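Read through the structure below, which is laid out as structure tokens, and then see the notes.
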Amino acid sequence: PLLAACQARRLAPRSVARLAQNLRVRKSDAEAALMRKSAAVCAGAFRTTMAASAMLTREGHTEDALAATFELDVRLAGAERLAYPCVVAGGANAVTLHYMHNNARLAPGSLLLMDAGCSLHGYASDLTRTWPLDGAFTAAQRRVYDAVLDVNERCIEMCVAGSGASLASIHRASLQWTFEHLVDLGILRRDDPAAASKVQRYYPHAIGHWLGLDVHDTPHVGTETALDAGMVVTVEPGLYFPPDDDALPEWCRGIGVRIEDDVLVGAAGPEVLTAGAPKHADDVEACVRRGFG
């Protein structure tokens, strides 16, 4: 029926392909409702896990205890399964993208990066938060965290239907904003001829991807596709500073931060489906400290 309708309107083959691509990633109202539920369940499990992390750290547990806490909580809330294996990376482990061992001891004073999601009635959520296991960021951790948060929020603001924005254009903007923060942090010089490659060294992934029935739904739709109402994307900037990188100031070595949200694109503006998981530094600290009792 789609092809016949396009032929009747005498659309060029390229226009037909573009329309078909958009239909693959745009969600119906019913699908959007399920994605809200999946994201809400995921965000609730993050709150539970963040609060539990303080006690689990004091008791000497390893990273996999937080993965188990998250999975139990999403399943109790109705999710049938995880959307993908949890990434639970404490301290310098957060510098490794897609760290999967989850077997290191939780260390007081370190940051914990957790990337996890659930599948509810077939629809996936995908969320990342980074928090201090002591319930308080150090000054160095807070500087890096606030830089990533700023990029996260500015990129989310670009997720507006009809604006001409695409995942690719949002990624390009995120690179520029990340560069500005790296300069402000004293990690890069503005006149460094190798600045572009160094930004990609410390931020070595894309800003996001399509989200729906799969975590990457669907990889067949290009990132230059203009955002349209009903599409759901992730927005996930990050900064990762290897502990053995002599080019870095000592104060930031070993710090890894990523902040990821699921965003429903709308004509009136973006809807952050994962807003239930705290991400402003003061709210993050308060959530972790709930577990001190």
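Residue numbers start at 1 in each chain; chains themselves are named A, B, ... in the order of the structure tokens; ligands are numbered from 1 in the order shown.
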
Per-residue nearest contacts stretch 198-287 of chain A to stretch 25-28 of chain A, cut-off 12 Å, using only C-alpha atoms, as a Markdown table:
| residue | atom | partner | partner_atom | distance |
| --- | --- | --- | --- | --- |
| A:His209 | CA | A:Val25 | CA | 10.7 |
| A:Trp210 | CA | A:Val25 | CA | 7.1 |
| A:Leu211 | CA | A:Val25 | CA | 7.9 |
| A:Gly212 | CA | A:Val25 | CA | 7.5 |
| A:Leu213 | CA | A:Val25 | CA | 9.5 |
| A:Asp214 | CA | A:Val25 | CA | 10.7 |
| A:Val215 | CA | A:Val25 | CA | 12.0 |
| A:His216 | CA | A:Val25 | CA | 10.3 |
| A:Asp217 | CA | A:Val25 | CA | 7.0 |
| A:Thr218 | CA | A:Val25 | CA | 6.9 |
| A:Pro219 | CA | A:Val25 | CA | 10.1 |
| A:His220 | CA | A:Val25 | CA | 10.1 |
| A:Val221 | CA | A:Val25 | CA | 8.0 |
| A:Gly222 | CA | A:Val25 | CA | 10.9 |
| A:Thr223 | CA | A:Val25 | CA | 11.7 |
| A:Thr225 | CA | A:Val25 | CA | 10.3 |
| A:Ala226 | CA | A:Val25 | CA | 11.3 |
| A:Leu227 | CA | A:Arg26 | CA | 9.2 |
| A:Asp228 | CA | A:Arg26 | CA | 7.3 |
| A:Ala229 | CA | A:Arg26 | CA | 7.0 |
| A:Gly230 | CA | A:Arg26 | CA | 4.6 |
| A:Met231 | CA | A:Arg26 | CA | 4.3 |
| A:Val232 | CA | A:Arg26 | CA | 7.4 |
| A:Val233 | CA | A:Val25 | CA | 9.3 |
| A:Leu264 | CA | A:Lys27 | CA | 9.1 |
| A:Val265 | CA | A:Arg26 | CA | 9.2 |
| A:Gly266 | CA | A:Arg26 | CA | 10.7 |

Just want the 8 Å neighbourhood of A:Asn152, counted on only C-alpha atoms, with same-chain residues fewer than 4 positions away dropped. Output as a ChimeraX atom specification. /A:148,156,235-237,259-260

Would you mind exporting the chosen residues as an mmCIF file, in the first residue's frame, restricted to all heavy atoms?
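Saved result, selection.cif, follows:
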data_model
loop_
_atom_site.group_PDB
_atom_site.id
_atom_site.type_symbol
_atom_site.label_atom_id
_atom_site.label_comp_id
_atom_site.auth_asym_id
_atom_site.auth_seq_id
_atom_site.Cartn_x
_atom_site.Cartn_y
_atom_site.Cartn_z
ATOM 1 N N VAL A 148 29.842 16.929 30.797
ATOM 2 C CA VAL A 148 29.081 15.943 30.022
ATOM 3 C C VAL A 148 27.590 16.229 30.121
ATOM 4 O O VAL A 148 26.850 16.137 29.126
ATOM 5 C CB VAL A 148 29.398 14.519 30.512
ATOM 6 C CG1 VAL A 148 28.524 13.487 29.791
ATOM 7 C CG2 VAL A 148 30.875 14.194 30.297
ATOM 8 N N ILE A 156 19.809 17.237 23.691
ATOM 9 C CA ILE A 156 18.390 16.897 23.817
ATOM 10 C C ILE A 156 17.514 18.031 23.281
ATOM 11 O O ILE A 156 16.502 17.793 22.618
ATOM 12 C CB ILE A 156 18.045 16.569 25.284
ATOM 13 C CG1 ILE A 156 18.647 15.214 25.674
ATOM 14 C CG2 ILE A 156 16.531 16.558 25.506
ATOM 15 C CD1 ILE A 156 18.506 14.872 27.140
ATOM 16 N N VAL A 235 20.445 9.913 23.537
ATOM 17 C CA VAL A 235 21.409 11.026 23.552
ATOM 18 C C VAL A 235 22.404 10.693 24.651
ATOM 19 O O VAL A 235 22.047 10.666 25.832
ATOM 20 C CB VAL A 235 20.713 12.368 23.815
ATOM 21 C CG1 VAL A 235 21.742 13.482 23.967
ATOM 22 C CG2 VAL A 235 19.741 12.692 22.680
ATOM 23 N N GLU A 236 23.665 10.426 24.265
ATOM 24 C CA GLU A 236 24.612 9.861 25.233
ATOM 25 C C GLU A 236 26.045 10.363 25.053
ATOM 26 O O GLU A 236 26.939 9.594 24.686
ATOM 27 C CB GLU A 236 24.593 8.335 25.145
ATOM 28 C CG GLU A 236 24.666 7.778 23.732
ATOM 29 C CD GLU A 236 24.573 6.259 23.713
ATOM 30 O OE1 GLU A 236 25.396 5.607 24.398
ATOM 31 O OE2 GLU A 236 23.699 5.731 23.022
ATOM 32 N N PRO A 237 26.306 11.632 25.355
ATOM 33 C CA PRO A 237 27.691 12.112 25.317
ATOM 34 C C PRO A 237 28.499 11.518 26.459
ATOM 35 O O PRO A 237 27.947 11.028 27.450
ATOM 36 C CB PRO A 237 27.534 13.620 25.483
ATOM 37 C CG PRO A 237 26.287 13.757 26.309
ATOM 38 C CD PRO A 237 25.374 12.665 25.832
ATOM 39 N N ILE A 259 26.400 10.081 30.201
ATOM 40 C CA ILE A 259 25.027 10.356 30.633
ATOM 41 C C ILE A 259 24.139 10.134 29.417
ATOM 42 O O ILE A 259 24.276 10.829 28.405
ATOM 43 C CB ILE A 259 24.867 11.786 31.170
ATOM 44 C CG1 ILE A 259 25.837 12.036 32.328
ATOM 45 C CG2 ILE A 259 23.424 12.034 31.616
ATOM 46 C CD1 ILE A 259 25.881 13.481 32.795
ATOM 47 N N GLU A 260 23.245 9.164 29.513
ATOM 48 C CA GLU A 260 22.413 8.777 28.367
ATOM 49 C C GLU A 260 20.931 8.824 28.725
ATOM 50 O O GLU A 260 20.524 8.333 29.780
ATOM 51 C CB GLU A 260 22.777 7.362 27.923
ATOM 52 C CG GLU A 260 21.913 6.822 26.792
ATOM 53 C CD GLU A 260 22.267 5.376 26.441
ATOM 54 O OE1 GLU A 260 22.903 4.703 27.272
ATOM 55 O OE2 GLU A 260 21.903 4.936 25.334
#

Residues near A:Asp282, cut-off 12 Å, only C-alpha atoms, skip fewer than 3 positions along chain, as a PDB file with N, CA, C and O atoms, in the first residue's frame:
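Wrote it out as part.pdb, contents follow:
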ATOM      1  N   TRP A 131      27.628   7.863  38.823  1.00  0.00           N
ATOM      2  CA  TRP A 131      27.426   8.454  40.151  1.00  0.00           C
ATOM      3  C   TRP A 131      28.583   8.102  41.088  1.00  0.00           C
ATOM      4  O   TRP A 131      29.293   7.122  40.880  1.00  0.00           O
ATOM      5  N   PRO A 132      28.763   8.906  42.147  1.00  0.00           N
ATOM      6  CA  PRO A 132      29.828   8.642  43.126  1.00  0.00           C
ATOM      7  C   PRO A 132      29.348   7.633  44.171  1.00  0.00           C
ATOM      8  O   PRO A 132      28.299   7.814  44.790  1.00  0.00           O
ATOM      9  N   GLY A 135      28.462   8.956  47.495  1.00  0.00           N
ATOM     10  CA  GLY A 135      27.347   9.887  47.602  1.00  0.00           C
ATOM     11  C   GLY A 135      27.740  11.334  47.449  1.00  0.00           C
ATOM     12  O   GLY A 135      26.906  12.225  47.635  1.00  0.00           O
ATOM     13  N   ALA A 136      28.994  11.596  47.081  1.00  0.00           N
ATOM     14  CA  ALA A 136      29.439  12.975  46.878  1.00  0.00           C
ATOM     15  C   ALA A 136      30.547  12.980  45.825  1.00  0.00           C
ATOM     16  O   ALA A 136      31.532  12.237  45.940  1.00  0.00           O
ATOM     17  N   PHE A 137      30.366  13.800  44.796  1.00  0.00           N
ATOM     18  CA  PHE A 137      31.409  13.967  43.789  1.00  0.00           C
ATOM     19  C   PHE A 137      32.606  14.695  44.400  1.00  0.00           C
ATOM     20  O   PHE A 137      32.435  15.633  45.195  1.00  0.00           O
ATOM     21  N   ARG A 142      33.242  16.214  39.675  1.00  0.00           N
ATOM     22  CA  ARG A 142      32.116  17.111  39.390  1.00  0.00           C
ATOM     23  C   ARG A 142      32.396  17.964  38.153  1.00  0.00           C
ATOM     24  O   ARG A 142      31.487  18.225  37.354  1.00  0.00           O
ATOM     25  N   TYR A 145      31.823  15.697  35.193  1.00  0.00           N
ATOM     26  CA  TYR A 145      30.406  15.331  35.138  1.00  0.00           C
ATOM     27  C   TYR A 145      29.555  16.476  34.603  1.00  0.00           C
ATOM     28  O   TYR A 145      28.713  16.284  33.712  1.00  0.00           O
ATOM     29  N   ASP A 146      29.764  17.670  35.114  1.00  0.00           N
ATOM     30  CA  ASP A 146      28.957  18.809  34.683  1.00  0.00           C
ATOM     31  C   ASP A 146      29.196  19.152  33.212  1.00  0.00           C
ATOM     32  O   ASP A 146      28.283  19.622  32.518  1.00  0.00           O
ATOM     33  N   PRO A 278      17.622  10.339  38.147  1.00  0.00           N
ATOM     34  CA  PRO A 278      18.289  11.615  38.427  1.00  0.00           C
ATOM     35  C   PRO A 278      19.594  11.747  37.660  1.00  0.00           C
ATOM     36  O   PRO A 278      20.344  10.776  37.515  1.00  0.00           O
ATOM     37  N   LYS A 279      19.863  12.974  37.180  1.00  0.00           N
ATOM     38  CA  LYS A 279      21.132  13.184  36.479  1.00  0.00           C
ATOM     39  C   LYS A 279      21.814  14.498  36.848  1.00  0.00           C
ATOM     40  O   LYS A 279      23.008  14.639  36.598  1.00  0.00           O
ATOM     41  N   GLU A 285      23.589  12.816  43.920  1.00  0.00           N
ATOM     42  CA  GLU A 285      24.150  12.623  45.255  1.00  0.00           C
ATOM     43  C   GLU A 285      23.050  12.286  46.265  1.00  0.00           C
ATOM     44  O   GLU A 285      23.219  11.394  47.108  1.00  0.00           O
ATOM     45  N   ALA A 286      21.927  12.993  46.178  1.00  0.00           N
ATOM     46  CA  ALA A 286      20.824  12.750  47.112  1.00  0.00           C
ATOM     47  C   ALA A 286      20.279  11.338  46.959  1.00  0.00           C
ATOM     48  O   ALA A 286      19.938  10.678  47.952  1.00  0.00           O
ATOM     49  N   CYS A 287      20.189  10.848  45.727  1.00  0.00           N
ATOM     50  CA  CYS A 287      19.673   9.496  45.486  1.00  0.00           C
ATOM     51  C   CYS A 287      20.604   8.453  46.083  1.00  0.00           C
ATOM     52  O   CYS A 287      20.158   7.496  46.733  1.00  0.00           O
ATOM     53  N   VAL A 288      21.902   8.608  45.903  1.00  0.00           N
ATOM     54  CA  VAL A 288      22.862   7.646  46.454  1.00  0.00           C
ATOM     55  C   VAL A 288      22.829   7.677  47.983  1.00  0.00           C
ATOM     56  O   VAL A 288      22.864   6.631  48.637  1.00  0.00           O
ATOM     57  N   ARG A 289      22.716   8.862  48.541  1.00  0.00           N
ATOM     58  CA  ARG A 289      22.741   8.980  49.997  1.00  0.00           C
ATOM     59  C   ARG A 289      21.516   8.376  50.657  1.00  0.00           C
ATOM     60  O   ARG A 289      21.538   8.086  51.862  1.00  0.00           O
TER      61      ARG A 289
END

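Taking atom CA of A:Gly91 and atom CA of A:Leu149 as the two end points, the separation is 18.5 Å.
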
Shell around A:Phe70 at 8 Å using only C-alpha atoms, local window under 3 positions removed, as a PDB file with N, CA, C and O atoms, in the first residue's frame:
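Done, and the output landed in out-v1.pdb:
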ATOM      1  N   ALA A  45      14.451   1.424  38.219  1.00  0.00           N
ATOM      2  CA  ALA A  45      15.475   0.469  38.634  1.00  0.00           C
ATOM      3  C   ALA A  45      16.814   1.158  38.848  1.00  0.00           C
ATOM      4  O   ALA A  45      17.602   0.741  39.717  1.00  0.00           O
ATOM      5  N   PHE A  46      17.092   2.204  38.078  1.00  0.00           N
ATOM      6  CA  PHE A  46      18.320   2.965  38.310  1.00  0.00           C
ATOM      7  C   PHE A  46      18.274   3.650  39.671  1.00  0.00           C
ATOM      8  O   PHE A  46      19.273   3.661  40.399  1.00  0.00           O
ATOM      9  N   THR A  48      16.691   2.658  42.321  1.00  0.00           N
ATOM     10  CA  THR A  48      16.891   1.594  43.308  1.00  0.00           C
ATOM     11  C   THR A  48      18.361   1.190  43.387  1.00  0.00           C
ATOM     12  O   THR A  48      18.932   1.022  44.472  1.00  0.00           O
ATOM     13  N   THR A  49      18.984   1.030  42.216  1.00  0.00           N
ATOM     14  CA  THR A  49      20.377   0.572  42.161  1.00  0.00           C
ATOM     15  C   THR A  49      21.325   1.631  42.702  1.00  0.00           C
ATOM     16  O   THR A  49      22.285   1.317  43.423  1.00  0.00           O
ATOM     17  N   LEU A  66      25.433  -4.868  41.479  1.00  0.00           N
ATOM     18  CA  LEU A  66      24.578  -3.788  40.984  1.00  0.00           C
ATOM     19  C   LEU A  66      23.825  -4.230  39.734  1.00  0.00           C
ATOM     20  O   LEU A  66      22.662  -3.850  39.531  1.00  0.00           O
ATOM     21  N   ALA A  67      24.465  -5.043  38.895  1.00  0.00           N
ATOM     22  CA  ALA A  67      23.758  -5.583  37.730  1.00  0.00           C
ATOM     23  C   ALA A  67      22.580  -6.448  38.176  1.00  0.00           C
ATOM     24  O   ALA A  67      21.485  -6.376  37.601  1.00  0.00           O
ATOM     25  N   ASP A  73      14.974  -5.543  39.842  1.00  0.00           N
ATOM     26  CA  ASP A  73      14.000  -4.460  39.936  1.00  0.00           C
ATOM     27  C   ASP A  73      13.173  -4.321  38.666  1.00  0.00           C
ATOM     28  O   ASP A  73      11.953  -4.131  38.726  1.00  0.00           O
ATOM     29  N   VAL A  74      13.801  -4.421  37.484  1.00  0.00           N
ATOM     30  CA  VAL A  74      13.010  -4.277  36.252  1.00  0.00           C
ATOM     31  C   VAL A  74      12.063  -5.453  36.070  1.00  0.00           C
ATOM     32  O   VAL A  74      10.938  -5.297  35.574  1.00  0.00           O
TER      33      VAL A  74
END

Exercise for review: Apply DSSP to the backbone of this structure and, from stretch 50-256 of chain A, keep only the residues in helix (DSSP H, G or I); write these as a VMD selection string.
Suggested key: chain A and resid 50 to 58 63 to 76 91 to 95 139 to 157 167 to 184 195 to 202 250 to 252

**Report entry** Picked from stretch 51-180 of chain A by DSSP as strand (DSSP E), as a list in words
**Finding:** Arg81, Leu82, Val87, Val88, Ala89, Gly90, Leu111, Leu112, Leu113, Met114, Asp115, Ala116, Cys118, Ser119, Leu120, Tyr123, Ala124, Leu127, Thr128, Arg129, Thr130, Trp131 and Pro132 of chain A

Please list as a ChimeraX atom specification every residue within 10 Å of stretch 107-116 of chain A, counting only C-alpha atoms and excluding residues in the same chain fewer than 4 positions away.
/A:42-43,45-46,49-50,53-54,57-58,60-63,66-67,70-71,82-95,98-99,125-138,141,254-260

Rounded to one decimal place, report the atom CA of A:Arg143-atom CA of A:Leu185 distance in Å.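 Separation between atom CA of A:Arg143 and atom CA of A:Leu185: 7.7 Å.
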
Just the residues within 10 Å of stretch 194-199 of chain A, please, counting only C-alpha atoms, with nothing from its chain fewer than 5 positions along; format it as an MDAnalysis selection string. chainID A and resid 175:176 178:180 182:183 187:189 204 239

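As for atom CA of A:Val41 and atom CA of A:Ala77, they are spaced 6.3 Å apart.
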